[in-house]
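Okay, protein06.txt now, which holds compact mmCIF, C-alpha atoms:
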# COMPACT_ATOMS: atom_id res chain seq x y z
CA MET A 15 0.00 0.00 0.00
CA LEU A 16 2.69 2.39 1.03
CA LYS A 17 4.77 1.48 -2.00
CA ASN A 18 1.88 2.34 -4.30
CA ILE A 19 1.48 5.86 -3.08
CA LEU A 20 5.18 6.45 -2.63
CA LYS A 21 5.87 7.69 -6.14
CA PRO A 22 2.98 10.14 -6.55
CA VAL A 23 3.49 11.50 -3.07
CA SER A 24 7.22 12.01 -3.59
CA LEU A 25 6.57 13.71 -6.91
CA CYS A 26 4.06 15.91 -5.22
CA LEU A 27 6.56 16.75 -2.51
CA VAL A 28 9.30 17.49 -4.99
CA PHE A 29 6.93 19.77 -6.83
CA SER A 30 5.90 21.60 -3.68
CA PHE A 31 9.53 22.12 -2.75
CA LEU A 32 10.06 23.67 -6.16
CA LEU A 33 7.38 26.19 -5.24
CA LEU A 34 9.29 27.26 -2.16
CA ASP A 35 10.78 30.65 -2.59
CA LEU A 36 14.46 29.98 -2.37
CA SER A 37 15.43 33.03 -4.34
CA VAL A 38 18.78 34.11 -3.05
CA GLN A 39 20.04 37.59 -3.62
CA MET A 40 22.10 37.54 -6.81
CA ALA A 41 25.70 37.19 -5.79
CA ASN A 42 27.31 40.21 -7.26
CA ALA A 43 30.21 42.25 -6.04
CA GLN A 44 28.58 45.47 -5.13
CA MET A 45 28.14 48.03 -2.46
CA VAL A 46 25.13 47.57 -0.23
CA ASP A 47 22.75 50.37 -1.16
CA THR A 48 21.05 52.49 1.44
CA ASN A 49 17.62 50.99 0.87
CA SER A 50 18.97 47.54 1.74
CA VAL A 51 20.58 48.99 4.86
CA ILE A 52 17.27 50.52 5.89
CA ALA A 53 15.41 47.26 5.30
CA ALA A 54 17.96 45.32 7.36
CA GLN A 55 17.85 47.82 10.23
CA GLN A 56 14.06 47.70 10.20
CA GLN A 57 14.16 43.90 10.47
CA THR A 58 16.47 44.01 13.46
CA GLU A 59 14.30 46.61 15.14
CA ASN A 60 11.14 44.57 14.48
CA ARG A 61 12.72 41.47 15.96
CA GLU A 62 13.83 43.33 19.08
CA ARG A 63 10.37 44.83 19.49
CA ALA A 64 8.69 41.45 19.11
CA VAL A 65 10.96 39.88 21.74
CA ALA A 66 10.36 42.82 24.09
CA PHE A 67 6.61 42.53 23.52
CA LEU A 68 6.56 38.84 24.38
CA GLY A 69 8.58 39.65 27.50
CA ARG A 70 5.86 41.93 28.87
CA GLU A 71 4.02 40.71 31.91
CA ASP A 72 0.50 41.39 30.61
CA VAL A 73 1.34 39.66 27.34
CA GLN A 74 2.77 36.62 29.10
CA LYS A 75 -0.42 36.41 31.12
CA VAL A 76 -2.47 36.16 27.92
CA MET A 77 -0.09 33.55 26.55
CA VAL A 78 -0.32 31.43 29.69
CA GLN A 79 -4.12 31.66 29.49
CA GLN A 80 -3.92 30.27 25.98
CA GLY A 81 -1.54 27.55 26.99
CA ILE A 82 1.50 28.81 25.12
CA ASP A 83 4.95 28.00 26.40
CA ILE A 84 6.65 31.35 26.92
CA ALA A 85 10.22 30.18 26.44
CA GLU A 86 9.26 28.38 23.23
CA ALA A 87 7.41 31.47 21.99
CA GLN A 88 10.47 33.68 22.48
CA ASN A 89 12.66 31.19 20.64
CA ARG A 90 10.18 31.23 17.80
CA VAL A 91 10.72 34.94 17.15
CA ALA A 92 14.12 34.10 15.72
CA SER A 93 12.57 31.76 13.18
CA LEU A 94 9.83 34.11 11.98
CA SER A 95 10.27 35.35 8.44
CA ASP A 96 10.56 39.08 7.77
CA VAL A 97 7.01 39.24 6.44
CA GLU A 98 5.57 37.38 9.41
CA LEU A 99 7.46 39.61 11.76
CA ALA A 100 6.19 42.74 10.04
CA LYS A 101 2.64 41.42 10.42
CA MET A 102 3.12 40.94 14.12
CA VAL A 103 4.75 44.33 14.68
CA ASN A 104 2.01 46.06 12.66
CA THR A 105 -0.61 44.63 14.98
CA MET A 106 1.48 45.67 17.96
CA ASP A 107 1.50 49.22 16.62
CA GLN A 108 -2.24 49.37 17.13
CA LEU A 109 -1.77 49.15 20.87
CA PRO A 110 -2.86 52.47 22.32
CA ALA A 111 0.09 54.15 23.97
CA GLY A 112 -0.46 54.39 27.71
CA GLY A 113 -4.24 53.95 27.69
CA ASP A 114 -5.75 50.69 28.80
CA SER A 115 -8.99 50.51 26.80
CA GLY A 116 -8.80 47.72 24.29
CA VAL A 117 -5.26 46.71 25.19
CA GLY A 118 -6.37 43.22 26.05
CA ALA A 119 -8.01 42.79 22.65
CA VAL A 120 -4.91 43.89 20.76
CA ILE A 121 -2.62 41.71 22.85
CA GLY A 122 -4.98 38.87 22.10
CA ALA A 123 -4.75 39.67 18.38
CA VAL A 124 -0.96 39.67 18.39
CA VAL A 125 -0.82 36.46 20.35
CA PHE A 126 -3.34 34.96 17.96
CA ILE A 127 -1.20 35.83 14.92
CA PHE A 128 1.73 34.34 16.73
CA VAL A 129 -0.14 31.13 17.48
CA VAL A 130 -1.19 30.83 13.84
CA LEU A 131 2.42 31.20 12.73
CA LEU A 132 3.50 28.70 15.33
CA ILE A 133 0.94 26.16 14.22
CA THR A 134 1.57 26.47 10.48
CA ASP A 135 5.22 26.01 11.18
CA LEU A 136 4.66 22.92 13.29
CA LEU A 137 2.31 21.43 10.69
CA GLY A 138 4.88 21.99 7.99
CA LEU A 139 7.45 20.09 10.00
CA THR A 140 5.41 17.31 11.52
CA HIS A 141 3.76 16.35 8.24
CA VAL A 142 6.91 16.13 6.25
CA PHE A 143 9.53 14.60 8.48
CA PRO A 144 7.84 11.50 9.94
CA PHE A 145 6.87 10.52 6.44
CA VAL A 146 10.43 10.74 5.21
CA ASP A 147 11.57 8.81 8.25
CA SER A 148 9.12 6.01 7.68
CA GLN A 149 10.56 5.34 4.26
CA ARG A 150 13.87 4.13 5.56
CA MET B 16 -34.54 50.71 -8.08
CA ILE B 17 -35.09 54.21 -6.75
CA ALA B 18 -35.74 52.83 -3.32
CA GLY B 19 -32.48 50.98 -3.58
CA LEU B 20 -30.63 54.12 -4.53
CA LEU B 21 -32.22 56.03 -1.70
CA PHE B 22 -31.29 53.32 0.71
CA PHE B 23 -27.76 53.37 -0.65
CA ALA B 24 -27.59 57.14 -0.30
CA LEU B 25 -28.93 56.98 3.23
CA PHE B 26 -26.49 54.25 4.13
CA THR B 27 -23.68 56.30 2.64
CA PHE B 28 -24.60 59.36 4.63
CA LEU B 29 -24.79 57.37 7.79
CA SER B 30 -21.50 55.62 7.32
CA GLY B 31 -19.71 58.35 5.42
CA CYS B 32 -19.97 61.55 7.31
CA GLY B 33 -22.28 64.07 8.86
CA LEU B 34 -23.45 62.17 11.86
CA LEU B 35 -20.10 61.49 13.40
CA PRO B 36 -19.14 64.20 15.84
CA ILE B 37 -15.91 65.84 14.77
CA GLY B 38 -14.28 68.06 17.32
CA PRO B 39 -11.52 70.56 16.81
CA LEU B 40 -8.32 69.32 15.23
CA THR B 41 -6.22 67.45 17.73
CA GLN B 42 -3.26 69.49 18.63
CA ALA B 43 -0.05 68.72 20.50
CA PRO B 44 0.26 70.85 23.65
CA GLU B 45 3.33 72.80 22.50
CA VAL B 46 1.69 73.88 19.24
CA PRO B 47 0.20 77.42 19.20
CA ASP B 48 -3.50 78.04 18.54
CA THR B 49 -2.95 79.95 15.33
CA ALA B 50 -0.26 79.85 12.69
CA MET B 51 0.33 81.06 9.17
CA VAL B 52 3.14 80.07 6.85
CA THR B 53 4.55 82.99 4.94
CA GLY B 54 6.26 82.86 1.58
CA VAL B 55 4.07 80.26 -0.09
CA PRO B 56 3.28 81.59 -3.57
CA PHE B 57 -0.13 80.82 -5.03
CA PHE B 58 -0.61 79.30 -8.48
CA ALA B 59 -4.18 79.14 -9.73
CA GLN B 60 -4.64 75.71 -11.23
CA ASP B 61 -5.64 74.94 -14.79
CA GLU B 62 -8.37 72.38 -15.24
CA LEU B 63 -7.47 69.05 -13.58
CA GLN B 64 -4.02 70.42 -12.74
CA CYS B 65 -4.33 70.64 -8.96
CA GLY B 66 -1.41 68.23 -8.51
CA PRO B 67 1.15 70.28 -10.45
CA ALA B 68 -0.20 73.52 -8.92
CA ALA B 69 0.02 72.26 -5.32
CA LEU B 70 3.49 70.83 -5.87
CA ALA B 71 4.69 74.03 -7.54
CA MET B 72 3.56 76.05 -4.51
CA ALA B 73 5.43 73.76 -2.12
CA LEU B 74 8.54 73.61 -4.33
CA ASN B 75 8.71 77.37 -4.78
CA TRP B 76 8.31 77.83 -1.04
CA SER B 77 11.30 75.49 -0.52
CA GLY B 78 13.39 77.48 -2.97
CA VAL B 79 12.92 75.66 -6.29
CA ALA B 80 11.66 78.06 -8.97
CA VAL B 81 9.22 76.07 -11.13
CA GLN B 82 5.88 76.72 -12.77
CA PRO B 83 3.00 74.23 -12.57
CA SER B 84 3.25 73.78 -16.33
CA ASP B 85 6.87 72.61 -15.92
CA LEU B 86 5.72 69.95 -13.45
CA SER B 87 2.69 68.77 -15.37
CA PRO B 88 4.57 66.26 -17.58
CA GLU B 89 6.19 64.72 -14.47
CA VAL B 90 3.10 64.61 -12.33
CA TYR B 91 -0.12 64.58 -14.32
CA SER B 92 -1.47 61.36 -15.86
CA PRO B 93 -3.80 62.23 -18.75
CA ASP B 94 -5.33 58.74 -18.63
CA LEU B 95 -6.29 59.15 -14.99
CA LYS B 96 -7.23 62.81 -15.39
CA GLY B 97 -5.28 63.48 -12.25
CA SER B 98 -2.02 63.11 -10.40
CA LEU B 99 -0.99 60.17 -8.26
CA GLN B 100 0.53 60.70 -4.84
CA SER B 101 3.55 58.66 -5.89
CA ALA B 102 4.01 60.97 -8.89
CA LEU B 103 4.09 64.02 -6.62
CA ILE B 104 6.68 62.31 -4.44
CA GLY B 105 8.80 61.29 -7.42
CA SER B 106 8.66 64.75 -8.93
CA ALA B 107 9.65 66.48 -5.68
CA ARG B 108 12.68 64.19 -5.50
CA ARG B 109 13.67 64.91 -9.08
CA HIS B 110 13.92 68.54 -8.02
CA GLY B 111 16.25 67.62 -5.17
CA ARG B 112 13.65 68.00 -2.46
CA VAL B 113 12.73 65.57 0.29
CA ALA B 114 9.18 64.26 0.01
CA TYR B 115 8.05 63.36 3.51
CA PRO B 116 4.52 61.99 3.92
CA ILE B 117 2.66 62.73 7.14
CA THR B 118 -0.72 61.62 8.50
CA GLY B 119 -3.27 63.15 10.77
CA SER B 120 -4.14 66.54 12.16
CA GLU B 121 -1.63 66.57 14.99
CA ALA B 122 1.27 66.24 12.56
CA LEU B 123 -0.37 68.73 10.19
CA LEU B 124 -0.72 71.46 12.81
CA ALA B 125 2.77 70.88 14.19
CA GLU B 126 4.34 71.23 10.73
CA VAL B 127 2.31 74.29 9.75
CA ALA B 128 3.13 75.91 13.09
CA ALA B 129 6.81 75.25 12.36
CA GLY B 130 6.43 77.13 9.08
CA HIS B 131 6.15 74.14 6.73
CA PRO B 132 3.28 74.20 4.23
CA VAL B 133 1.61 70.78 3.80
CA ILE B 134 0.16 69.39 0.58
CA VAL B 135 -3.03 67.53 1.44
CA LEU B 136 -5.15 65.16 -0.58
CA VAL B 137 -8.86 65.73 -0.06
CA ASN B 138 -12.02 64.31 -1.57
CA LEU B 139 -14.40 67.17 -2.26
CA SER B 140 -17.31 64.83 -2.85
CA PHE B 141 -18.36 61.45 -1.49
CA PHE B 142 -16.39 58.27 -1.83
CA TRP B 143 -18.86 56.85 -4.35
CA TYR B 144 -18.38 59.88 -6.59
CA PRO B 145 -14.87 60.92 -5.74
CA LYS B 146 -13.52 64.32 -6.67
CA TRP B 147 -9.97 64.09 -5.49
CA HIS B 148 -8.14 67.31 -5.07
CA TYR B 149 -4.75 68.52 -3.87
CA ALA B 150 -4.46 71.71 -1.85
CA VAL B 151 -1.78 73.30 0.29
CA VAL B 152 -2.49 73.99 3.95
CA ILE B 153 -0.75 77.22 4.93
CA GLY B 154 -2.40 78.14 8.20
CA PHE B 155 -4.98 77.48 10.87
CA ASP B 156 -6.89 79.30 13.54
CA GLN B 157 -8.10 76.91 16.23
CA PRO B 158 -10.21 79.38 18.26
CA GLN B 159 -12.07 80.37 15.07
CA GLY B 160 -12.18 76.74 13.92
CA GLU B 161 -10.57 77.52 10.57
CA VAL B 162 -8.04 76.01 8.23
CA ILE B 163 -6.43 78.17 5.57
CA LEU B 164 -5.42 76.70 2.22
CA HIS B 165 -4.20 77.60 -1.22
CA SER B 166 -6.64 75.58 -3.24
CA GLY B 167 -7.82 75.45 -6.84
CA LEU B 168 -8.51 79.01 -7.96
CA THR B 169 -8.56 80.49 -4.47
CA ALA B 170 -5.58 81.78 -2.59
CA ARG B 171 -5.99 81.71 1.18
CA GLU B 172 -9.26 79.88 1.09
CA ILE B 173 -10.76 79.56 4.56
CA LEU B 174 -12.52 76.32 5.43
CA SER B 175 -14.19 75.43 8.68
CA THR B 176 -12.25 72.80 10.57
CA ARG B 177 -15.28 70.56 10.38
CA THR B 178 -15.50 70.73 6.59
CA PHE B 179 -11.77 70.32 6.21
CA MET B 180 -11.65 67.24 8.40
CA ASN B 181 -14.57 65.73 6.52
CA ILE B 182 -12.98 66.08 3.12
CA TRP B 183 -9.49 65.20 4.35
CA ARG B 184 -10.63 62.09 6.19
CA ARG B 185 -11.46 60.42 2.91
CA SER B 186 -7.78 60.23 2.02
CA ASP B 187 -6.95 58.81 5.46
CA TYR B 188 -5.51 62.21 6.32
CA TRP B 189 -2.71 62.05 3.76
CA GLY B 190 -0.31 64.96 3.77
CA LEU B 191 3.05 65.62 2.13
CA LEU B 192 5.92 67.84 3.15
CA VAL B 193 8.32 69.08 0.50
CA LEU B 194 11.50 70.15 2.23
CA ALA B 195 15.05 71.13 1.42
CA PRO B 196 17.33 68.28 2.52
CA ASP B 197 18.80 70.34 5.37
CA GLN B 198 15.38 70.96 6.90
CA LEU B 199 14.01 68.30 9.23
CA PRO B 200 10.26 68.01 9.77
CA VAL B 201 9.18 68.74 13.34
CA GLY B 202 7.85 65.31 14.05
CA SER B 203 10.47 63.44 12.13
CA ASN B 204 11.30 59.89 12.89
CA GLU B 205 14.82 58.73 12.11
CA MET B 206 13.95 55.81 9.87
CA GLU B 207 11.21 57.68 8.00
CA TRP B 208 13.53 60.58 7.31
CA LEU B 209 16.29 58.26 6.11
CA ALA B 210 13.84 56.38 3.89
CA ALA B 211 12.75 59.70 2.39
CA ILE B 212 16.40 60.59 1.74
CA ALA B 213 17.11 57.19 0.22
CA GLY B 214 14.35 58.06 -2.24
CA LEU B 215 16.55 60.90 -3.46
CA GLU B 216 19.27 58.38 -4.28
CA GLN B 217 16.93 56.59 -6.66
CA THR B 218 16.46 59.72 -8.71
CA GLY B 219 20.23 60.28 -8.80
CA GLN B 220 20.06 63.31 -6.50
CA TRP B 221 23.29 62.38 -4.74
CA GLN B 222 24.19 65.88 -3.57
CA ALA B 223 20.78 66.39 -1.98
CA ALA B 224 20.94 62.88 -0.48
CA SER B 225 24.36 63.60 0.98
CA THR B 226 23.01 66.78 2.61
CA GLY B 227 19.99 64.86 3.91
CA TYR B 228 22.16 62.23 5.61
CA ALA B 229 24.42 64.88 7.10
CA THR B 230 21.30 66.62 8.44
CA ALA B 231 20.13 63.34 9.97
CA LEU B 232 23.51 62.95 11.70
CA LYS B 233 23.13 66.32 13.40
CA ARG B 234 19.96 65.07 15.06
CA TRP B 235 20.68 61.34 15.40
CA LYS B 236 24.41 61.24 15.97
CA ALA B 237 24.66 57.48 16.36
CA SER B 238 22.68 56.58 13.24
CA PHE B 239 24.40 53.68 11.48
CA THR B 240 22.06 53.99 8.51
CA ALA B 241 22.76 57.70 8.08
CA TRP B 242 26.53 57.06 7.98
CA MET B 243 25.95 54.28 5.43
CA GLY B 244 23.84 56.59 3.30
CA LEU B 245 26.41 59.35 3.60
CA GLY B 246 29.13 56.92 2.51
CA ASN B 247 27.09 55.75 -0.46
CA SER B 248 26.16 59.24 -1.62
CA ARG B 249 29.71 60.58 -1.24
CA TYR B 250 30.95 57.59 -3.21
CA HIS B 251 28.62 58.50 -6.06
CA LEU B 252 29.83 62.10 -5.84
CA GLN B 253 33.38 60.76 -6.29
CA ASP B 254 34.37 61.87 -2.81
CA LEU B 255 36.29 58.69 -1.95
CA ASP B 256 37.98 60.06 1.16
CA GLY B 257 34.69 61.31 2.58
CA SER B 258 33.03 58.04 1.68
CA ALA B 259 35.69 55.92 3.38
CA GLU B 260 35.43 58.10 6.48
CA ALA B 261 31.64 57.67 6.61
CA PHE B 262 31.82 53.87 6.23
CA HIS B 263 34.56 53.81 8.86
CA GLN B 264 32.23 55.65 11.27
CA ALA B 265 29.52 53.10 10.46
CA THR B 266 31.86 50.21 11.32
CA LEU B 267 32.56 51.83 14.69
CA LEU B 268 28.84 52.12 15.44
CA GLN B 269 27.99 48.54 14.45
CA PRO B 270 31.19 46.51 14.45
CA GLU B 271 29.10 43.36 14.19
CA ASN B 272 27.50 44.44 10.91
CA GLY B 273 29.22 43.33 7.71
CA MET B 274 27.50 45.86 5.43
CA ALA B 275 29.74 48.76 6.42
CA PHE B 276 32.90 46.66 6.01
CA ASN B 277 31.76 45.47 2.59
CA ASN B 278 31.23 49.00 1.32
CA LEU B 279 34.41 50.22 2.96
CA ALA B 280 36.32 47.49 1.11
CA HIS B 281 35.05 48.79 -2.24
CA VAL B 282 36.10 52.35 -1.49
CA LEU B 283 39.51 51.37 -0.11
CA SER B 284 40.14 49.30 -3.20
CA GLU B 285 39.35 52.24 -5.46
CA GLN B 286 41.68 54.35 -3.38
CA GLY B 287 44.40 51.83 -4.19
CA GLN B 288 44.63 50.55 -0.63
CA ARG B 289 44.40 46.92 -1.58
CA ALA B 290 45.68 45.42 1.67
CA ALA B 291 43.26 47.40 3.83
CA ALA B 292 40.46 46.61 1.39
CA LEU B 293 41.14 42.88 1.70
CA ILE B 294 41.04 43.07 5.49
CA ALA B 295 37.70 44.90 5.42
CA ALA B 296 36.22 42.47 2.90
CA GLN B 297 37.41 39.48 4.92
CA ARG B 298 35.85 41.03 8.01
CA ALA B 299 32.50 41.36 6.24
CA VAL B 300 32.61 37.69 5.21
CA ASP B 301 33.52 36.62 8.75
CA LEU B 302 30.60 38.59 10.16
CA GLY B 303 28.21 37.03 7.65
CA GLY B 304 24.49 37.72 7.77
CA PRO B 305 21.81 37.76 5.08
CA LEU B 306 24.10 39.53 2.59
CA LEU B 307 26.93 37.04 2.95
CA ASP B 308 26.88 36.22 -0.76
CA THR B 309 27.48 39.85 -1.64
CA PHE B 310 30.32 40.03 0.87
CA ARG B 311 31.94 36.87 -0.55
CA GLN B 312 31.74 38.23 -4.04
CA THR B 313 33.43 41.43 -2.94
CA LEU B 314 36.25 39.44 -1.35
CA GLU B 315 36.71 37.22 -4.39
CA GLU B 316 36.87 40.12 -6.76
CA LEU B 317 39.43 41.85 -4.58
CA LYS B 318 41.52 38.72 -4.45
CA ARG B 319 41.45 38.58 -8.24
CA ASN B 320 42.89 42.07 -7.96
CA GLU B 321 40.20 43.71 -9.98
CA THR B 322 38.51 46.95 -9.25
CA PRO B 323 35.01 45.94 -8.21
CA LYS B 324 32.44 47.22 -10.62
CA ASN B 325 29.24 48.70 -9.47
Do you think you could lay out the structure here as structure tokens?
Amino acid sequence: MLKNILKPVSLCLVFSFLLLDLSVQMANAQMVDTNSVIAAQQQTENRERAVAFLGREDVQKVMVQQGIDIAEAQNRVASLSDVELAKMVNTMDQLPAGGDSGVGAVIGAVVFIFVVLLITDLLGLTHVFPFVDSQR
Amino acid sequence: MIAGLLFFALFTFLSGCGLLPIGPLTQAPEVPDTAMVTGVPFFAQDELQCGPAALAMALNWSGVAVQPSDLSPEVYSPDLKGSLQSALIGSARRHGRVAYPITGSEALLAEVAAGHPVIVLVNLSFFWYPKWHYAVVIGFDQPQGEVILHSGLTAREILSTRTFMNIWRRSDYWGLLVLAPDQLPVGSNEMEWLAAIAGLEQTGQWQAASTGYATALKRWKASFTAWMGLGNSRYHLQDLDGSAEAFHQATLLQPENGMAFNNLAHVLSEQGQRAAALIAAQRAVDLGGPLLDTFRQTLEELKRNETPKN
């Protein structure tokens, strides 16, 4: 049974890997232009802000309520892609500065985005690897 | 059919405007109650030419002598019968001016109070029958509830704050500053200013960009990005010594960042300092990061003893 589906499934997998965006910046001897510098600095800043956000007491409370492991969540920030990170930071920006009305809702929204990212990531891993393992 | 339209109109009124209470413009505490920018010339617009007219007013105020008709080919899209915001931004940059978008009434009042006219995009009609229009805000009077604009055929048109906020809201309160590169906006944020200056690079305005980065460094002395931009713009202006100095400063600020070492290597190599260039390039490769491939390429080309090409 397994043998029968092996070929189509592997082909399918190969094809889906081809769809992955592995585009690497063209290796070319050149100076780094200012726009690239700005983008890189923005990424670093976003990452720092996300880590700081997840370190906040009120945020950790929400995470504990939702059963998220805090240490694991903070490790995850490192593995978020730039786009995912931007999404998270954008939602964080909607937090009212100082005021407390609606803060809980926004924290919930950020944590929710985070959970979604976490889950998609886990699915991507857990579906692929055991299958490969079982073929040995 | 008619009932449907009526319902639609009613719905539009309810959701669009009119019923929502709109107070006075929000104002930061340090901003005065009244202000008027002097020295903004008025150009009456030709038909559909509010974009070129508004930009010409702002450019002339900032010291660039242009007529709306000069700007029309750069800004106006005949197909759209109007001017896109991005076209205004691009055109301001082509004239060596920093285009700095702002949002909201607090920023608007702060800039006008500081003597900076603000181009605003307003919708004179409703969103289902848009009549987009650019005007230049040159003053306000909070106690009287008035905003003063150069708009269309009217110089110093006075609108009630309520009307102004209603028509401005439909563009999500979009405003644009057009500034000389040595003039920071009041509410400027480091990264937004640097992004606006980097826009000048794309139009080849290296001198203006160089001034913009130097201006940033007066305010944000430890800005790695500003030193990088200064190095890049000086390099394009053939000021190799100045460029090397700027990249050197950047390496001091972020010694863990390979980008500054990579660029420094290029400049040193062009200065004929091959040994120092190789050390810098090797450093960039050792530090790695997302641009590692670029750094490697720089090192390889240096080792082949070529002048890296841009």
With only C-alpha atoms counted and 8 Å as the cut-off, give the residues of chain B in contact with chain A, each with its shortest interatomic distance in Å and the pair that gives it, as JSON lines.
{"residue": "B:Met206", "atom": "CA", "partner": "A:Ile52", "partner_atom": "CA", "distance": 7.4}
{"residue": "B:Leu209", "atom": "CA", "partner": "A:Ile52", "partner_atom": "CA", "distance": 7.8}
{"residue": "B:Ala210", "atom": "CA", "partner": "A:Ile52", "partner_atom": "CA", "distance": 7.1}
{"residue": "B:Ala213", "atom": "CA", "partner": "A:Thr48", "partner_atom": "CA", "distance": 6.3}
{"residue": "B:Thr240", "atom": "CA", "partner": "A:Val51", "partner_atom": "CA", "distance": 6.4}
{"residue": "B:Met243", "atom": "CA", "partner": "A:Thr48", "partner_atom": "CA", "distance": 6.6}
{"residue": "B:Gly244", "atom": "CA", "partner": "A:Thr48", "partner_atom": "CA", "distance": 5.3}
{"residue": "B:Asn247", "atom": "CA", "partner": "A:Asp47", "partner_atom": "CA", "distance": 6.9}
{"residue": "B:Met274", "atom": "CA", "partner": "A:Val46", "partner_atom": "CA", "distance": 6.4}
{"residue": "B:Asn277", "atom": "CA", "partner": "A:Met45", "partner_atom": "CA", "distance": 6.7}
{"residue": "B:Asn278", "atom": "CA", "partner": "A:Met45", "partner_atom": "CA", "distance": 5.0}
{"residue": "B:His281", "atom": "CA", "partner": "A:Met45", "partner_atom": "CA", "distance": 7.0}
{"residue": "B:Leu306", "atom": "CA", "partner": "A:Gln39", "partner_atom": "CA", "distance": 7.7}
{"residue": "B:Asp308", "atom": "CA", "partner": "A:Ala41", "partner_atom": "CA", "distance": 5.3}
{"residue": "B:Thr309", "atom": "CA", "partner": "A:Ala41", "partner_atom": "CA", "distance": 5.2}
{"residue": "B:Phe310", "atom": "CA", "partner": "A:Ala43", "partner_atom": "CA", "distance": 7.3}
{"residue": "B:Arg311", "atom": "CA", "partner": "A:Ala43", "partner_atom": "CA", "distance": 7.9}
{"residue": "B:Gln312", "atom": "CA", "partner": "A:Ala43", "partner_atom": "CA", "distance": 4.7}
{"residue": "B:Thr313", "atom": "CA", "partner": "A:Ala43", "partner_atom": "CA", "distance": 4.5}
{"residue": "B:Glu316", "atom": "CA", "partner": "A:Ala43", "partner_atom": "CA", "distance": 7.0}
{"residue": "B:Pro323", "atom": "CA", "partner": "A:Ala43", "partner_atom": "CA", "distance": 6.4}
{"residue": "B:Lys324", "atom": "CA", "partner": "A:Gln44", "partner_atom": "CA", "distance": 6.9}
{"residue": "B:Asn325", "atom": "CA", "partner": "A:Gln44", "partner_atom": "CA", "distance": 5.5}
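Note that the spacing between CA of Gln80 in chain A and CA of Met102 in chain A amounts to 17.4 Å.
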Any chance you could work out the axis-aligned box around range 63-73 of chain A, listed atoms only, 5 Å on each side, giving centre and edge lengths in Å to one decimal, as AutoDock Vina command-line options?
--center_x 5.7 --center_y 41.8 --center_z 25.5 --size_x 20.5 --size_y 16.0 --size_z 22.8
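CA of Ala296 in chain B to CA of Ala241 in chain B spans 21.0 Å [interatomic distance, one decimal].
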TODO: Tell me which protein, DNA and RNA residues are within 9 Å of range 63-77 of chain B, counting all atoms listed in the file, leaving out same-chain ones fewer than 4 positions away, and put them as an MDAnalysis selection string.
DONE: chainID B and resid 53:59 81:91 96:100 103 106:107 110 112 131:135 148:151 165:167 192:195
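The two atoms in question, CA of Glu62 in chain A and CA of Val97 in chain A, are spaced 14.9 Å apart.
Using only C-alpha atoms, the protein and nucleic acid residues lying no more than 6 Å from Val137 in chain B, apart from those fewer than 6 places from it along its own chain, are Trp147, His148, Ile182, Trp183 and Ser186 of chain B.
Shortest atom-to-atom contact with Gly219 in chain B among B:Tyr250, B:Leu124, B:Gln264, B:Arg108: B:Arg108, counting all atoms listed in the file.
Remark: for Ile82 in chain A, the closest of the candidate residues A:Leu68, A:Glu59, A:Leu94, A:Lys101 is A:Leu68 (distances computed over all atoms listed in the file).
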Task: Residue among B:Ser140, B:Ser225, B:Gln253, B:Asn272 lying closest to Phe239 in chain B, counting all atoms listed in the file - done: B:Asn272
Can you put N, CA, C and O atoms back into range 48-54 of chain A and show it as a PDB file, in the coordinates of the input?
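Generated file (result.pdb):
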ATOM      1  N   THR A  48      21.631  51.997   0.187  1.00  0.00           N
ATOM      2  CA  THR A  48      21.050  52.490   1.440  1.00  0.00           C
ATOM      3  C   THR A  48      19.686  51.876   1.714  1.00  0.00           C
ATOM      4  O   THR A  48      19.335  51.634   2.862  1.00  0.00           O
ATOM      5  N   ASN A  49      18.924  51.600   0.650  1.00  0.00           N
ATOM      6  CA  ASN A  49      17.620  50.990   0.870  1.00  0.00           C
ATOM      7  C   ASN A  49      17.746  49.620   1.531  1.00  0.00           C
ATOM      8  O   ASN A  49      16.937  49.263   2.394  1.00  0.00           O
ATOM      9  N   SER A  50      18.759  48.856   1.118  1.00  0.00           N
ATOM     10  CA  SER A  50      18.970  47.540   1.740  1.00  0.00           C
ATOM     11  C   SER A  50      19.373  47.713   3.199  1.00  0.00           C
ATOM     12  O   SER A  50      18.967  46.920   4.061  1.00  0.00           O
ATOM     13  N   VAL A  51      20.174  48.737   3.470  1.00  0.00           N
ATOM     14  CA  VAL A  51      20.580  48.990   4.860  1.00  0.00           C
ATOM     15  C   VAL A  51      19.349  49.300   5.697  1.00  0.00           C
ATOM     16  O   VAL A  51      19.161  48.755   6.791  1.00  0.00           O
ATOM     17  N   ILE A  52      18.477  50.147   5.159  1.00  0.00           N
ATOM     18  CA  ILE A  52      17.270  50.520   5.890  1.00  0.00           C
ATOM     19  C   ILE A  52      16.404  49.290   6.161  1.00  0.00           C
ATOM     20  O   ILE A  52      15.930  49.078   7.279  1.00  0.00           O
ATOM     21  N   ALA A  53      16.237  48.458   5.131  1.00  0.00           N
ATOM     22  CA  ALA A  53      15.410  47.260   5.300  1.00  0.00           C
ATOM     23  C   ALA A  53      15.996  46.369   6.392  1.00  0.00           C
ATOM     24  O   ALA A  53      15.268  45.870   7.256  1.00  0.00           O
ATOM     25  N   ALA A  54      17.327  46.194   6.374  1.00  0.00           N
ATOM     26  CA  ALA A  54      17.960  45.320   7.360  1.00  0.00           C
ATOM     27  C   ALA A  54      17.802  45.883   8.770  1.00  0.00           C
ATOM     28  O   ALA A  54      17.511  45.149   9.718  1.00  0.00           O
TER      29      ALA A  54
END
